[in-house]
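File shown: entry12.pdb. Contents: PDB, C-alpha atoms and all ligand atoms.
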ATOM      1  CA  MET A  30      45.165  17.731 -15.323
ATOM      2  CA  ARG A  31      42.745  20.371 -14.241
ATOM      3  CA  CYS A  32      40.082  18.598 -16.194
ATOM      4  CA  ILE A  33      40.823  15.321 -14.376
ATOM      5  CA  LEU A  34      40.662  17.060 -10.988
ATOM      6  CA  THR A  35      37.332  18.594 -11.820
ATOM      7  CA  LEU A  36      36.073  15.206 -12.866
ATOM      8  CA  LEU A  37      37.342  13.601  -9.665
ATOM      9  CA  LEU A  38      35.676  16.281  -7.555
ATOM     10  CA  ALA A  39      32.462  15.829  -9.439
ATOM     11  CA  PHE A  40      32.471  12.170  -8.361
ATOM     12  CA  LEU A  41      33.762  12.697  -4.832
ATOM     13  CA  ILE A  42      31.497  15.515  -3.681
ATOM     14  CA  PRO A  43      28.289  13.487  -3.990
ATOM     15  CA  LEU A  44      30.021  10.583  -2.216
ATOM     16  CA  ILE A  45      31.014  12.809   0.719
ATOM     17  CA  ALA A  46      27.557  14.388   0.944
ATOM     18  CA  GLU A  47      25.894  10.973   0.731
ATOM     19  CA  GLU A  48      26.857   9.507   4.081
ATOM     20  CA  LYS A  49      23.620   7.715   4.864
ATOM     21  CA  PRO A  50      22.690   4.589   2.941
ATOM     22  CA  ASN A  51      20.186   5.359   0.232
ATOM     23  CA  ILE A  52      16.935   3.367   0.479
ATOM     24  CA  VAL A  53      14.344   3.564  -2.278
ATOM     25  CA  THR A  54      10.764   2.486  -1.569
ATOM     26  CA  ALA A  55       8.223   1.584  -4.240
ATOM     27  CA  ASN A  56       5.004   2.676  -2.531
ATOM     28  CA  THR A  57       3.910   5.083   0.208
ATOM     29  CA  ILE A  58       3.004   2.353   2.741
ATOM     30  CA  VAL A  59       6.383   0.640   2.881
ATOM     31  CA  HIS A  60       7.921   4.107   2.666
ATOM     32  CA  ASP A  61       6.248   5.240   5.875
ATOM     33  CA  LEU A  62       7.284   2.034   7.674
ATOM     34  CA  ALA A  63      10.888   2.294   6.435
ATOM     35  CA  GLN A  64      11.128   5.921   7.554
ATOM     36  CA  ARG A  65       9.723   5.212  11.009
ATOM     37  CA  ILE A  66      11.877   2.138  11.571
ATOM     38  CA  GLY A  67      15.009   3.537   9.938
ATOM     39  CA  GLY A  68      14.865   6.803  11.873
ATOM     40  CA  ASP A  69      17.724   9.094  10.855
ATOM     41  CA  ARG A  70      20.059   6.219   9.932
ATOM     42  CA  PHE A  71      19.032   6.165   6.268
ATOM     43  CA  ARG A  72      18.012   8.436   3.445
ATOM     44  CA  VAL A  73      14.642   7.000   2.397
ATOM     45  CA  THR A  74      12.922   8.194  -0.767
ATOM     46  CA  CYS A  75       9.741   6.935  -2.419
ATOM     47  CA  LEU A  76       9.183   6.463  -6.143
ATOM     48  CA  LEU A  77       5.452   7.182  -5.766
ATOM     49  CA  GLN A  78       3.706  10.244  -4.362
ATOM     50  CA  PRO A  79       0.401  10.003  -2.450
ATOM     51  CA  GLY A  80      -2.537   9.738  -4.833
ATOM     52  CA  ILE A  81      -0.541   8.031  -7.619
ATOM     53  CA  ASP A  82      -2.031   4.634  -8.468
ATOM     54  CA  PRO A  83       0.637   1.945  -7.876
ATOM     55  CA  HIS A  84      -1.180  -0.492 -10.201
ATOM     56  CA  LEU A  85      -1.098   1.889 -13.150
ATOM     57  CA  TYR A  86       2.175   3.702 -12.471
ATOM     58  CA  GLN A  87       4.622   4.178 -15.323
ATOM     59  CA  PRO A  88       8.196   4.848 -14.200
ATOM     60  CA  VAL A  89       9.878   8.067 -15.364
ATOM     61  CA  PRO A  90      13.577   8.545 -16.283
ATOM     62  CA  SER A  91      14.422  10.005 -12.846
ATOM     63  CA  ASP A  92      13.262   6.703 -11.265
ATOM     64  CA  VAL A  93      15.972   4.880 -13.221
ATOM     65  CA  GLN A  94      18.515   7.315 -11.819
ATOM     66  CA  ARG A  95      17.280   6.963  -8.247
ATOM     67  CA  LEU A  96      17.283   3.199  -8.423
ATOM     68  CA  ALA A  97      20.784   3.160  -9.884
ATOM     69  CA  GLN A  98      21.963   4.993  -6.714
ATOM     70  CA  ALA A  99      20.029   2.870  -4.214
ATOM     71  CA  ARG A 100      21.690   0.596  -1.661
ATOM     72  CA  LEU A 101      18.438  -1.256  -1.057
ATOM     73  CA  VAL A 102      14.919  -1.222  -2.491
ATOM     74  CA  ILE A 103      11.735  -2.047  -0.582
ATOM     75  CA  ILE A 104       8.613  -3.110  -2.469
ATOM     76  CA  ASN A 105       5.237  -4.552  -1.424
ATOM     77  CA  GLY A 106       5.432  -7.538  -3.801
ATOM     78  CA  LEU A 107       2.645  -9.840  -5.096
ATOM     79  CA  GLY A 108       2.529  -7.828  -8.315
ATOM     80  CA  PHE A 109       1.462  -4.613  -6.540
ATOM     81  CA  GLU A 110       4.273  -2.821  -8.377
ATOM     82  CA  GLY A 111       3.983  -4.701 -11.670
ATOM     83  CA  TRP A 112       6.285  -2.137 -13.288
ATOM     84  CA  PHE A 113       9.171  -2.703 -10.861
ATOM     85  CA  ASP A 114      11.054  -5.551 -12.587
ATOM     86  CA  GLY A 115      11.272  -3.578 -15.838
ATOM     87  CA  LEU A 116      12.527  -0.526 -13.963
ATOM     88  CA  ALA A 117      15.142  -2.567 -12.068
ATOM     89  CA  ARG A 118      16.405  -4.010 -15.355
ATOM     90  CA  GLU A 119      16.606  -0.579 -16.942
ATOM     91  CA  ALA A 120      18.518   0.799 -13.944
ATOM     92  CA  ALA A 121      20.737  -2.332 -13.901
ATOM     93  CA  PHE A 122      19.920  -2.532 -10.179
ATOM     94  CA  THR A 123      21.480  -5.656  -8.683
ATOM     95  CA  GLY A 124      21.231  -4.786  -4.970
ATOM     96  CA  PRO A 125      18.828  -6.362  -2.494
ATOM     97  CA  VAL A 126      15.091  -6.023  -3.114
ATOM     98  CA  VAL A 127      13.132  -6.466   0.113
ATOM     99  CA  VAL A 128       9.628  -7.822  -0.423
ATOM    100  CA  ALA A 129       7.688  -6.440   2.546
ATOM    101  CA  LYS A 130       4.844  -8.978   2.326
ATOM    102  CA  ALA A 131       7.217 -11.981   2.479
ATOM    103  CA  GLY A 132       5.807 -14.637   4.808
ATOM    104  CA  ILE A 133       2.145 -13.686   4.431
ATOM    105  CA  THR A 134       0.083 -16.413   2.768
ATOM    106  CA  PRO A 135      -1.383 -14.739  -0.317
ATOM    107  CA  ARG A 136      -5.114 -14.845  -0.923
ATOM    108  CA  MET A 137      -5.831 -15.845  -4.500
ATOM    109  CA  MET A 138      -8.337 -14.234  -6.848
ATOM    110  CA  GLY A 139      -9.624 -14.659 -10.385
ATOM    111  CA  ASP A 140      -7.857 -12.877 -13.234
ATOM    112  CA  HIS A 141     -10.175 -10.612 -15.212
ATOM    113  CA  ASP A 142      -8.398 -11.211 -18.522
ATOM    114  CA  HIS A 143      -7.716 -14.922 -18.094
ATOM    115  CA  PRO A 144     -10.758 -16.835 -16.829
ATOM    116  CA  GLY A 145      -9.791 -19.852 -14.735
ATOM    117  CA  VAL A 146      -6.389 -18.370 -13.841
ATOM    118  CA  GLU A 147      -5.781 -17.286 -10.252
ATOM    119  CA  VAL A 148      -3.363 -14.552  -9.220
ATOM    120  CA  PRO A 149      -2.342 -13.378  -5.723
ATOM    121  CA  ASP A 150      -4.115 -10.383  -4.208
ATOM    122  CA  PRO A 151      -1.443  -7.742  -3.470
ATOM    123  CA  HIS A 152      -3.285  -5.862  -0.651
ATOM    124  CA  PRO A 153      -2.397  -7.601   2.649
ATOM    125  CA  PHE A 154      -1.507  -4.182   4.149
ATOM    126  CA  ASN A 155      -5.201  -3.228   4.336
ATOM    127  CA  ALA A 156      -5.521  -5.659   7.265
ATOM    128  CA  ILE A 157      -3.244  -3.851   9.694
ATOM    129  CA  ILE A 158      -2.178  -7.046  11.441
ATOM    130  CA  HIS A 159      -0.292  -7.979   8.247
ATOM    131  CA  GLY A 160       1.547  -4.672   8.617
ATOM    132  CA  VAL A 161       3.336  -6.347  11.537
ATOM    133  CA  THR A 162       4.981  -8.756   9.058
ATOM    134  CA  TYR A 163       5.863  -5.805   6.804
ATOM    135  CA  ALA A 164       7.489  -4.024   9.757
ATOM    136  CA  GLU A 165       9.436  -7.142  10.774
ATOM    137  CA  ASN A 166      10.756  -7.684   7.244
ATOM    138  CA  ILE A 167      11.769  -4.032   6.905
ATOM    139  CA  ARG A 168      13.407  -4.100  10.367
ATOM    140  CA  ASP A 169      15.500  -7.172   9.471
ATOM    141  CA  ALA A 170      16.551  -5.705   6.115
ATOM    142  CA  LEU A 171      17.626  -2.420   7.726
ATOM    143  CA  VAL A 172      19.546  -4.185  10.499
ATOM    144  CA  ALA A 173      21.413  -6.160   7.815
ATOM    145  CA  GLN A 174      22.498  -2.831   6.270
ATOM    146  CA  ASP A 175      23.405  -1.074   9.511
ATOM    147  CA  ALA A 176      24.861  -3.232  12.279
ATOM    148  CA  ALA A 177      25.934  -0.135  14.249
ATOM    149  CA  GLY A 178      22.357   1.175  14.305
ATOM    150  CA  ALA A 179      20.717  -2.191  14.973
ATOM    151  CA  GLU A 180      19.565  -1.466  18.510
ATOM    152  CA  GLY A 181      17.765   1.735  17.552
ATOM    153  CA  ILE A 182      16.197   0.067  14.515
ATOM    154  CA  ARG A 183      14.858  -2.770  16.689
ATOM    155  CA  GLN A 184      13.492  -0.336  19.265
ATOM    156  CA  ARG A 185      11.683   1.770  16.682
ATOM    157  CA  ALA A 186      10.330  -1.381  14.990
ATOM    158  CA  ALA A 187       8.991  -2.669  18.312
ATOM    159  CA  GLN A 188       7.202   0.644  18.852
ATOM    160  CA  VAL A 189       5.675   0.570  15.343
ATOM    161  CA  ILE A 190       4.604  -3.071  15.747
ATOM    162  CA  GLY A 191       2.976  -2.254  19.094
ATOM    163  CA  GLU A 192       1.041   0.571  17.454
ATOM    164  CA  LEU A 193      -0.154  -1.711  14.624
ATOM    165  CA  ARG A 194      -1.277  -4.420  17.067
ATOM    166  CA  ASP A 195      -3.173  -1.841  19.132
ATOM    167  CA  LEU A 196      -4.927  -0.594  15.980
ATOM    168  CA  ASP A 197      -5.923  -4.144  15.051
ATOM    169  CA  ALA A 198      -7.419  -4.679  18.520
ATOM    170  CA  TRP A 199      -9.216  -1.324  18.317
ATOM    171  CA  ALA A 200     -10.672  -2.192  14.881
ATOM    172  CA  ARG A 201     -11.921  -5.578  16.125
ATOM    173  CA  GLN A 202     -13.553  -3.964  19.117
ATOM    174  CA  SER A 203     -15.086  -1.174  17.006
ATOM    175  CA  PHE A 204     -16.527  -3.525  14.376
ATOM    176  CA  ALA A 205     -17.957  -5.837  17.035
ATOM    177  CA  VAL A 206     -20.939  -3.495  17.448
ATOM    178  CA  ILE A 207     -21.836  -3.768  13.731
ATOM    179  CA  PRO A 208     -24.141  -6.753  13.124
ATOM    180  CA  ARG A 209     -22.679  -9.347  10.723
ATOM    181  CA  GLU A 210     -25.342  -8.776   8.089
ATOM    182  CA  ARG A 211     -24.481  -5.068   7.931
ATOM    183  CA  ARG A 212     -20.786  -5.720   7.330
ATOM    184  CA  VAL A 213     -20.864  -5.229   3.559
ATOM    185  CA  ILE A 214     -18.477  -2.927   1.693
ATOM    186  CA  VAL A 215     -18.410  -1.857  -1.961
ATOM    187  CA  THR A 216     -15.291  -0.066  -3.226
ATOM    188  CA  HIS A 217     -13.845   1.016  -6.584
ATOM    189  CA  HIS A 218     -11.394  -1.897  -6.784
ATOM    190  CA  ASP A 219     -11.136  -5.237  -5.042
ATOM    191  CA  ALA A 220      -8.584  -4.236  -2.391
ATOM    192  CA  LEU A 221     -10.220  -5.404   0.839
ATOM    193  CA  ASP A 222     -10.082  -9.185   0.731
ATOM    194  CA  TYR A 223      -7.490  -9.515   3.545
ATOM    195  CA  PHE A 224      -9.393  -6.856   5.503
ATOM    196  CA  ALA A 225     -12.684  -8.720   4.952
ATOM    197  CA  GLN A 226     -11.075 -11.944   6.119
ATOM    198  CA  ALA A 227      -9.678 -10.309   9.258
ATOM    199  CA  TYR A 228     -12.816  -8.419  10.315
ATOM    200  CA  GLY A 229     -15.677 -10.506   8.948
ATOM    201  CA  PHE A 230     -16.916  -8.444   5.994
ATOM    202  CA  ARG A 231     -18.466  -9.247   2.632
ATOM    203  CA  ILE A 232     -16.976  -7.151  -0.169
ATOM    204  CA  ALA A 233     -17.619  -6.303  -3.803
ATOM    205  CA  ALA A 234     -16.068  -3.954  -6.373
ATOM    206  CA  PRO A 235     -16.491  -3.126 -10.066
ATOM    207  CA  MET A 236     -12.701  -3.196 -10.689
ATOM    208  CA  THR A 237     -10.435  -6.178  -9.983
ATOM    209  CA  ALA A 238      -7.639  -6.117  -7.401
ATOM    210  CA  LEU A 239      -5.119  -5.341 -10.137
ATOM    211  CA  GLU A 240      -7.426  -2.881 -11.912
ATOM    212  CA  ASP A 241      -7.040  -4.795 -15.166
ATOM    213  CA  GLY A 242      -9.892  -4.336 -17.608
ATOM    214  CA  GLU A 243     -13.171  -2.442 -17.230
ATOM    215  CA  PRO A 244     -16.346  -4.012 -15.875
ATOM    216  CA  GLY A 245     -19.059  -4.821 -18.382
ATOM    217  CA  ALA A 246     -22.697  -3.673 -18.132
ATOM    218  CA  ARG A 247     -23.592  -7.089 -16.719
ATOM    219  CA  GLN A 248     -21.081  -6.782 -13.826
ATOM    220  CA  VAL A 249     -22.315  -3.290 -12.992
ATOM    221  CA  ALA A 250     -25.915  -4.549 -12.978
ATOM    222  CA  ASP A 251     -24.904  -7.474 -10.730
ATOM    223  CA  LEU A 252     -23.330  -5.041  -8.274
ATOM    224  CA  VAL A 253     -26.474  -2.921  -8.162
ATOM    225  CA  THR A 254     -28.469  -6.096  -7.457
ATOM    226  CA  PHE A 255     -25.955  -7.079  -4.771
ATOM    227  CA  ILE A 256     -26.275  -3.701  -3.017
ATOM    228  CA  ARG A 257     -30.075  -3.795  -3.108
ATOM    229  CA  GLY A 258     -30.128  -7.427  -1.983
ATOM    230  CA  THR A 259     -27.809  -6.906   0.982
ATOM    231  CA  GLY A 260     -29.103  -3.446   1.914
ATOM    232  CA  ALA A 261     -25.475  -2.335   1.875
ATOM    233  CA  THR A 262     -24.780   1.215   3.046
ATOM    234  CA  GLY A 263     -20.989   0.996   2.848
ATOM    235  CA  ILE A 264     -20.382   2.247  -0.704
ATOM    236  CA  PHE A 265     -17.035   4.044  -0.919
ATOM    237  CA  LEU A 266     -14.960   6.073  -3.330
ATOM    238  CA  GLU A 267     -11.203   5.640  -3.204
ATOM    239  CA  TYR A 268      -8.503   8.253  -2.907
ATOM    240  CA  GLY A 269      -6.510   8.470  -6.131
ATOM    241  CA  LYS A 270      -9.162   6.696  -8.254
ATOM    242  CA  HIS A 271     -11.759   8.007 -10.661
ATOM    243  CA  PRO A 272     -15.082   8.339  -8.795
ATOM    244  CA  GLY A 273     -17.250   7.623 -11.847
ATOM    245  CA  LEU A 274     -17.988   3.906 -11.480
ATOM    246  CA  VAL A 275     -18.835   3.903  -7.776
ATOM    247  CA  THR A 276     -20.950   7.047  -8.118
ATOM    248  CA  GLN A 277     -22.899   5.487 -11.004
ATOM    249  CA  ILE A 278     -23.451   2.210  -9.139
ATOM    250  CA  ALA A 279     -24.567   3.996  -5.956
ATOM    251  CA  ARG A 280     -26.985   6.140  -7.951
ATOM    252  CA  GLU A 281     -28.462   3.142  -9.745
ATOM    253  CA  ALA A 282     -28.802   1.266  -6.449
ATOM    254  CA  GLY A 283     -30.383   4.326  -4.833
ATOM    255  CA  VAL A 284     -27.842   4.567  -1.992
ATOM    256  CA  ARG A 285     -25.582   7.322  -0.755
ATOM    257  CA  VAL A 286     -21.787   7.140  -1.196
ATOM    258  CA  GLY A 287     -20.306   6.757   2.312
ATOM    259  CA  GLY A 288     -17.093   8.746   1.835
ATOM    260  CA  GLY A 289     -13.637   7.821   0.582
ATOM    261  CA  LEU A 290     -11.128   5.136   1.597
ATOM    262  CA  TYR A 291      -7.338   4.922   1.195
ATOM    263  CA  LEU A 292      -6.737   1.433  -0.193
ATOM    264  CA  ASP A 293      -3.549   1.663  -2.270
ATOM    265  CA  GLY A 294      -1.472   4.095  -0.255
ATOM    266  CA  LEU A 295      -1.294   7.051   2.062
ATOM    267  CA  GLY A 296      -3.194  10.295   1.806
ATOM    268  CA  PRO A 297      -1.481  13.633   1.196
ATOM    269  CA  ASP A 298       0.594  15.395   3.861
ATOM    270  CA  GLY A 299      -1.671  16.994   6.430
ATOM    271  CA  SER A 300      -4.511  14.501   5.893
ATOM    272  CA  PRO A 301      -5.400  11.987   8.634
ATOM    273  CA  ALA A 302      -4.133   9.248   6.290
ATOM    274  CA  SER A 303      -0.634  10.681   5.829
ATOM    275  CA  THR A 304       0.871   7.763   7.799
ATOM    276  CA  TYR A 305       0.235   4.012   7.513
ATOM    277  CA  PRO A 306      -1.444   3.765  10.949
ATOM    278  CA  GLY A 307      -3.390   6.939  10.117
ATOM    279  CA  MET A 308      -4.517   5.496   6.785
ATOM    280  CA  PHE A 309      -5.928   2.389   8.468
ATOM    281  CA  ARG A 310      -7.560   4.403  11.273
ATOM    282  CA  ALA A 311      -9.173   6.763   8.729
ATOM    283  CA  ASN A 312     -10.526   3.791   6.750
ATOM    284  CA  VAL A 313     -12.001   2.116   9.845
ATOM    285  CA  GLU A 314     -13.618   5.371  11.001
ATOM    286  CA  THR A 315     -15.138   6.050   7.563
ATOM    287  CA  ILE A 316     -16.504   2.488   7.369
ATOM    288  CA  LEU A 317     -17.922   2.682  10.896
ATOM    289  CA  ALA A 318     -19.631   6.007  10.163
ATOM    290  CA  ALA A 319     -21.349   4.549   7.068
ATOM    291  CA  LEU A 320     -22.446   1.272   8.685
ATOM    292  CA  ARG A 321     -23.703   2.442  12.051
TER     293      ARG A 321
HETATM  294 ZN    ZN B   1      -4.984  -1.789  -5.280
END
Target encoding structure tokens, full file:
Amino acid sequence: MRCILTLLLAFLIPLIAEEKPNIVTANTIVHDLAQRIGGDRFRVTCLLQPGIDPHLYQPVPSDVQRLAQARLVIINGLGFEGWFDGLAREAAFTGPVVVAKAGITPRMMGDHDHPGVEVPDPHPFNAIIHGVTYAENIRDALVAQDAAGAEGIRQRAAQVIGELRDLDAWARQSFAVIPRERRVIVTHHDALDYFAQAYGFRIAAPMTALEDGEPGARQVADLVTFIRGTGATGIFLEYGKHPGLVTQIAREAGVRVGGGLYLDGLGPDGSPASTYPGMFRANVETILAALR
């Protein structure tokens, strides 16, 4: 009997302590949005820490546990978290999976390993105006989980969306002073296509958008030629990525590296990029400083 009581308590205590619905997020960008929009109505935890590469992440046993206890999961989608389906199967997670990018028309790109095959680019969030769609999707998913908190969720979402729209307008205005021919950016991986489309940039990178495969000597040489040909000064490292390739290419092209960008997630706590709006603002400022 005593044994049964102990067992019962062991199950009940976590249930009593766990009053708020448990939301698990699969990357730091949707995590920040979910926290801001959810306010104190949810317990939101992220599988990834800042600086961990979402493309190359390998889930750990504690992720299985966290997912098994989640009411709702929020992911970016478009293959950004290619490891997620396997993790969900392992955790036998059958709850709702919110795809934050839903509704954004994907931009297609070539697949490194399969010539002729096109796959969607998973980085819409780097054009902050697409973050509005992310915020709307997260808002609707949270409202569906918490009817009593709906008004607050909608208010916080409206505030976030306003902030994202303001940032988009600020970026447009800031880039307007950079002549078109100077709007060239080289990064470690091909994460700025939506950004380039939104703000009128040409982009190039040694690594593909999904970071599959390594570039050959020919591709590196082509990039050096591209930088020399365009007179590009916007050559950037990326937070959370090995600096080797970009440093080598910049050296061979005879140009200076223009700082670091945050293209797959937030920066660490205390950095200017520790929030999604902050990440975008930091990127725009770094790009402006290198191109002016
Ligand atoms: Zn990426």
*Hits from the PyMOL selection byres (((not hetatm)) within 8 of (chain B and resi 1)), listed as a PyMOL selection string*: chain A and resi 82-84+109+151-152+218-220+238-240+292-293
*asked:* With distances taken over all atoms listed in the file, which residue among A:Ser300, A:Gln174, A:Gln202, A:Gln226 lies nearest His159 (chain A)?
replied: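 The closest residue to His159 (chain A) is A:Gln226.
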*Which one is closest to Arg118 (chain A): A:Val93, A:His271, A:Leu317, A:Ile103? Count only C-alpha atoms.*
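Of A:Val93, A:His271, A:Leu317, A:Ile103, the one nearest Arg118 (chain A), counting only C-alpha atoms, is A:Val93.
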_Since I can't run it myself right now, could you work out what the PyMOL selection byres (((chain A and resi 234) around 12) and not hetatm) selects here and report it as JSON, numbers by chain?_
{"A": [213, 214, 215, 216, 217, 218, 219, 220, 221, 222, 231, 232, 233, 235, 236, 237, 238, 239, 240, 243, 244, 248, 249, 250, 251, 252, 253, 255, 256, 263, 264, 265, 266, 267, 274, 275, 278, 279]}
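Minimum distance to Ile58 (chain A) across A:Val172, A:Ile133, A:Leu116, A:Ala164 (counting all atoms listed in the file) occurs at A:Ala164.
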*asked:* For a test of reading the model, state the distance in Å between CA of Pro79 (chain A) and CA of Tyr268 (chain A), rounded to one decimal.
replied: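 These atoms are spaced 9.1 Å apart.
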Tell me, as a short mmCIF file (atom, residue, chain, number, x, y, z; two decimals) with C-alpha atoms, in the frame of the given file, which residues lie within 10 Å of Ala311 (chain A), counting all atoms listed in the file; anything in the same chain fewer than 4 positions away does not count.
data_model
loop_
_atom_site.label_atom_id
_atom_site.label_comp_id
_atom_site.auth_asym_id
_atom_site.auth_seq_id
_atom_site.Cartn_x
_atom_site.Cartn_y
_atom_site.Cartn_z
CA GLY A 289 -13.64 7.82 0.58
CA LEU A 290 -11.13 5.14 1.60
CA TYR A 291 -7.34 4.92 1.20
CA GLY A 296 -3.19 10.30 1.81
CA SER A 300 -4.51 14.50 5.89
CA PRO A 301 -5.40 11.99 8.63
CA ALA A 302 -4.13 9.25 6.29
CA SER A 303 -0.63 10.68 5.83
CA TYR A 305 0.24 4.01 7.51
CA PRO A 306 -1.44 3.76 10.95
CA GLY A 307 -3.39 6.94 10.12
CA THR A 315 -15.14 6.05 7.56
CA ILE A 316 -16.50 2.49 7.37
CA LEU A 317 -17.92 2.68 10.90
#
*asked:* Assuming the chain letters and numbering stay as they are in my file, what does the PyMOL selection byres (((chain A and resi 260) around 10) and not hetatm) actually select? List them as a PyMOL selection string.
replied: chain A and resi 210-211+213+254-259+261-263+282+284
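Taking CA of Gly191 (chain A) and CA of Glu165 (chain A) as endpoints, the distance between them is 11.6 Å.
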*Go ahead and compute the interatomic distance for CA of Asn51 (chain A) and CA of Leu101 (chain A), in Å to one decimal.*
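Answer for the CA of Asn51 (chain A) to CA of Leu101 (chain A) separation: 7.0 Å.
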_Every residue with an atom at most 10 Å from (0.7, -3.4, 5.8) (file coordinates; only C-alpha atoms) is what I'm after, so could you write them as a PyMOL selection string?_
chain A and resi 58-59+62+105+129-130+152-164+193+294+305-306+309
_Neighbour list for Pro88 (chain A) as a list in words, cut-off 9 Å, all atoms listed in the file, skip fewer than 6 positions in-chain_ =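 Result of the neighbour search: Leu76, Trp112, Phe113 and Leu116 of chain A.
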_Residue nearest Asn166 (chain A) - candidates A:Gly145, A:Gly283, A:Pro208, A:Gly132, atoms counted: all atoms listed in the file_ =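 Residue with the minimum atom-to-atom distance to Asn166 (chain A): A:Gly132.
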Could you rebuild region 219-236 of chain A with N, CA and C atoms and give me the result as an mmCIF file, keeping the file's coordinate frame?
data_model
loop_
_atom_site.group_PDB
_atom_site.id
_atom_site.type_symbol
_atom_site.label_atom_id
_atom_site.label_comp_id
_atom_site.auth_asym_id
_atom_site.auth_seq_id
_atom_site.Cartn_x
_atom_site.Cartn_y
_atom_site.Cartn_z
ATOM 1 N N ASP A 219 -11.020 -4.124 -5.975
ATOM 2 C CA ASP A 219 -11.136 -5.237 -5.042
ATOM 3 C C ASP A 219 -9.902 -5.308 -4.133
ATOM 4 N N ALA A 220 -9.814 -4.381 -3.177
ATOM 5 C CA ALA A 220 -8.584 -4.236 -2.391
ATOM 6 C C ALA A 220 -8.765 -4.642 -0.932
ATOM 7 N N LEU A 221 -9.937 -5.187 -0.583
ATOM 8 C CA LEU A 221 -10.220 -5.404 0.839
ATOM 9 C C LEU A 221 -10.404 -6.868 1.222
ATOM 10 N N ASP A 222 -9.871 -7.763 0.425
ATOM 11 C CA ASP A 222 -10.082 -9.185 0.731
ATOM 12 C C ASP A 222 -9.415 -9.590 2.059
ATOM 13 N N TYR A 223 -8.176 -9.181 2.283
ATOM 14 C CA TYR A 223 -7.490 -9.515 3.545
ATOM 15 C C TYR A 223 -8.207 -8.836 4.714
ATOM 16 N N PHE A 224 -8.644 -7.605 4.487
ATOM 17 C CA PHE A 224 -9.393 -6.856 5.503
ATOM 18 C C PHE A 224 -10.695 -7.594 5.830
ATOM 19 N N ALA A 225 -11.398 -8.024 4.772
ATOM 20 C CA ALA A 225 -12.684 -8.720 4.952
ATOM 21 C C ALA A 225 -12.500 -10.005 5.743
ATOM 22 N N GLN A 226 -11.395 -10.694 5.436
ATOM 23 C CA GLN A 226 -11.075 -11.944 6.119
ATOM 24 C C GLN A 226 -10.799 -11.689 7.598
ATOM 25 N N ALA A 227 -10.072 -10.618 7.876
ATOM 26 C CA ALA A 227 -9.678 -10.309 9.258
ATOM 27 C C ALA A 227 -10.860 -9.846 10.107
ATOM 28 N N TYR A 228 -11.779 -9.080 9.503
ATOM 29 C CA TYR A 228 -12.816 -8.419 10.315
ATOM 30 C C TYR A 228 -14.237 -8.874 9.983
ATOM 31 N N GLY A 229 -14.354 -9.941 9.189
ATOM 32 C CA GLY A 229 -15.677 -10.506 8.948
ATOM 33 C C GLY A 229 -16.591 -9.660 8.084
ATOM 34 N N PHE A 230 -16.094 -9.240 6.912
ATOM 35 C CA PHE A 230 -16.916 -8.444 5.994
ATOM 36 C C PHE A 230 -17.183 -9.207 4.704
ATOM 37 N N ARG A 231 -18.264 -8.842 4.022
ATOM 38 C CA ARG A 231 -18.466 -9.247 2.632
ATOM 39 C C ARG A 231 -18.103 -8.044 1.776
ATOM 40 N N ILE A 232 -17.425 -8.277 0.656
ATOM 41 C CA ILE A 232 -16.976 -7.151 -0.169
ATOM 42 C C ILE A 232 -17.334 -7.365 -1.634
ATOM 43 N N ALA A 233 -17.410 -6.245 -2.358
ATOM 44 C CA ALA A 233 -17.619 -6.303 -3.803
ATOM 45 C C ALA A 233 -17.045 -5.029 -4.410
ATOM 46 N N ALA A 234 -16.655 -5.112 -5.690
ATOM 47 C CA ALA A 234 -16.068 -3.954 -6.373
ATOM 48 C C ALA A 234 -16.216 -4.117 -7.878
ATOM 49 N N PRO A 235 -16.411 -3.009 -8.605
ATOM 50 C CA PRO A 235 -16.491 -3.126 -10.066
ATOM 51 C C PRO A 235 -15.140 -3.436 -10.717
ATOM 52 N N MET A 236 -14.033 -2.961 -10.111
ATOM 53 C CA MET A 236 -12.701 -3.196 -10.689
ATOM 54 C C MET A 236 -11.998 -4.316 -9.926
#
